[in-house]
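These notes are about the structure you will find just below.
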Amino acid sequence: MFFLFIAIFITSCNVLKRVGEDEQLLVQNTLMVDGKKEKFELVNNLINQQPNSKLLGFPLRLHIYNLARNNRDSLFEAWLNENPKRKERLIKRYSKKQVDKLKQSALGFNSWLKKTGEAPVIIDTSRTNKTKRNLEKYYFKNGWFNREVSYSIDSVGKQRAAITYKVNRKTPYILDSISTKIASPIIDSLYQITKSNSLIKTGDQFRDINYTNERERLTSVFRNSGAYHFSQDYITFENDTILPENKVNVELQIANRIIRNEDSVAHVPFKLYKIKEVNIITDENVQNQGTVFSDSIVFKNYNLYSYDKMRYRPKAIADAIFINKDSVFSDLDRTRTYRHLNNLQTFKYPNIEYIENLNDTTLTANITLSPRKKYGLGFDVNVSQSNIQSVGFSFSTSLRIRNIFRGAETLEISGIGAIGASKDGASGNDPFFDINEFGGDIKLIIPRFFSGFNTDKIIPKHMSPTTRVSLGFTSQTNIGLDKQTMNGIFNYRWNPRPTVNHSLDLFNVQYVRNLNPGNYFNVYQNSFNRLENIALGTYDTPTEFISTDDEGNESLIKSKSDEFINLVLQDDAFQNSNSDDYQTVNNIDERKKRLTEDNLILASNFSYILDKRENLFDKSFSIFRAKLEFAGNLLANASRLIGLNKNADDRYEIFGVAYSQYVKTELDYVKHWAVGRNNEFAARAYFGIAIPYGNSNSIPFSRSFFAGGANDNRAWTAYNLGPGSSDSNNEFNEANLKLAFSIEHRYNLFGNLYGAFFVDVGNIWNVLDSEDDPNATFDNINSLKDIAIGSGFGLRYDFSFFVLRGDIGFKTYDPSYKLKNRWFNDYNFGNAVYNIGINYPF
């Protein structure tokens, strides 16, 4: 890439290389509306010709394009035949086939330069006039009927020019009177009921989009009220402009239904249709076509048919059907039925067909279901990189059993095995792959709420209520602190609106058993080094704790670390004479106990997600996530009721494990703005806090917060930032309060390659827990001075199904410098953090 840039500067510094003598390169567009520069993206996108794209003011893609050569085929042949012996010598040395491949390689590279680059944008007056027409049409559709649009092309140097578009909008037209002419009485009645919700209102400025939206609104109202044959084509608007008042009188016209026969056309009033019958075929497939049903059931006015023995309980199917007998026809009922049938993940291609009964105004709804295979087997192999491992390989397999209890339930059984190489192994004697994990998970998905009471009035079935029950077990051997984890979750989910998701973990149980706590100081080497410095420096350490090598170098015996800690903490004289070192030993001891103790967490939590993305390609949207979790309250009340005794640390225990008790909340907001020409701004704000109380004075490691990493503050590696202004000298720094803010500008370089500039702000702190280090705690608003700032840039390649991301983060403001200057101390490539990630950070 470096040599490519050198070549660009040397050989194509002239941007006019491909601009003809009588042509002008477009360098700038300016849109002036009523004498002011227009910055609204939608309007500027109407301009048909845009200048060549630039990166930091430099037309990179234009220069790449200029590297390509015209007539590359004939130029290669000319070079080959320039020396009579050259072609013969090359064929003799390599072969004719290899020489042909050399030619194809040269042509391919030339083609790549043209495809990756961007041809110079030459001013084309036909396209300039098209822009003029676009602007005229846009402002006309938005009520400025008398607008005037002009443009001027101004030279700004040799073969360069800028275009200025000028729009004089004049006075807009305002809607005055609104009247109706509706032929069908039943349609007129429906309109009168809903006209207060009309998007066409007296006093509003004329806007064509409001007419389109009103047409869609009325069509939806009518078709959801039984008007089976109604469509948008029957709705028209007649606009009558009044001069010189600049007003518009609007007449809404809705015609009768048109029935076309072979030799005639009839206009008849619309009628409202009801559902006469609902027939459900539960096992449609190609083999069954032409055969008769062998099983049928009538359940709550639904007729269920099966070619074989009925596989499903009728209630399971009926709960997913919103089309009801004797109800009026409704598009919404059909849409909800499709969505819920698909959410069951039990059927392939649900099909809903309405048959009109000619004797009356009724419809027969035929719902055809094609079952998926009962069993599904999946395999997956992944290569990964994470905060603690440089490379990892995992293999997983899963078995899916559909309709396991005949109620459209799905049972998933999965297993995983993984190995990895840690970034910082505990000792040089460890094998390369020093991390391994295996485990299994079983999950049952029930397409309704599984509870002892009826919840339909609180959470109706159109909200897609589901119940998920899961049990899991994992065993991890990593860089020393091996552990086993067992978890169980009983979860409810539902969607009040398409953009809103609710999730309630009624019970979320996790038990973590540490298998190798005696290896703590082999893993957390920094903690041991601080302990050793005290043992050899300030404390009068007995000789049985010290070892001496052949060269006379002393060291603390690692296996006696715990004994040394107990010795120091029982020494009142040392506490009085060396309070700082005494506190350091106490902090090391407390952190060791917290990270090596077994954890029992019984929690309940509620999550709320508001996702305004319209589809996967939406570039302007926002997402808000909120979560509230309580842990330990049920166990605490039970402990008091049955009179459990507390342990030496004044904590209740269940099965020999002190359970955790805390309240935790998280707020996360993400906003994206599309700013045109494949440019996008993205911002994120995050706040999280977890407060221990009752049976806990700290938060379990698995529920605490960390800072840094590829998806957080990218100028620090994961777990290496904070807490507060502390020296971050622990291997895994974590705390119970977190603030994080990020903003990122993403832009297209060429093809599927994108670039980005970003700024990340945030840190973690301890608050309302057992930590008393003033550098690590959040005491008041003044603690915000310890917020860290990182900035940098990155490249991203879009493979369509995922994005490979590389970001370089620089420490811009580092709070660990405490009273020293904190700005730009390590702002260089040597101290930068190089992040590799999959997909975007937010």
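Naming scheme: A, B, ... for chains in displayed order of the structure tokens; residues 1 onward per chain; ligands 1 onward as shown.
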
Selection: 7 Å around A:Ser394, only C-alpha atoms, excl. self and same-chain fewer than 4 positions, as an MDAnalysis selection string | chainID A and resid 381:383 417:419

Extract the full set of helix (DSSP H, G or I) residues from stretch 5-231 of chain A according to DSSP on the backbone, and format it as a PyMOL selection string.
-> chain A and resi 5-11+41-44+60-67+72-82+84-93+96-116+125-141+185-197+208-223

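You will find atom CA of A:Pro692 at 9.5 Å from atom CA of A:Val767.
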
Once DSSP has gone over the backbone, tell me which residues of stretch 624-784 of chain A are in strand (DSSP E or B), as a PyMOL selection string.
-> chain A and resi 624-631+653-654+657-659+662-676+679-692+705+735+737-750+753-766+777

Would you mind listing what lies within 12 Å of A:Gly57 as a PDB file with C-alpha atoms, in the first residue's frame, with only C-alpha atoms counted and same-chain residues fewer than 5 positions away left out?
```pdb
ATOM      1  CA  VAL A  27     -14.534  20.382  -8.513  1.00  0.00           C
ATOM      2  CA  PRO A  51     -17.219  15.925  -7.770  1.00  0.00           C
ATOM      3  CA  ASN A  52     -14.739  13.093  -7.346  1.00  0.00           C
TER       4      ASN A  52
END
```

Can you tell me, as an MDAnalysis selection string, what residues are no more than 12 Å from A:Asn711 when counting only C-alpha atoms, ignoring any on the same chain fewer than 5 positions away?
-> chainID A and resid 386:387 684 706 716:718 740:742 758 760 805:807 809 835:842

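Counting only C-alpha atoms and comparing A:Ala715, A:Ile743, A:Leu595, A:Ile242, the residue that lies closest to A:Leu515 is A:Leu595.
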
Using only C-alpha atoms: which of A:Lys300, A:Arg468, A:Arg640, A:Lys738 has the shortest distance to A:Leu667 |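 When distances to A:Leu667 are compared using only C-alpha atoms, the smallest one comes from A:Lys738.
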
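Proximity ranking of A:Leu25, A:Leu107, A:Ile601, A:Ala183 relative to A:Val121 places A:Leu25 first, based on only C-alpha atoms.
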
Correct to one decimal, the distance atom CA of A:Gln476-atom CA of A:Phe379 is 21.1 Å

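Within the 8 Å cut-off around A:Val278, using only C-alpha atoms and omitting residues fewer than 5 positions from it on the same chain, the listed residues are Asn301, Tyr302, Asn303, Ile323, Asn324, Lys325, Thr364, Ala365, Asn366 and Ile367 of chain A.
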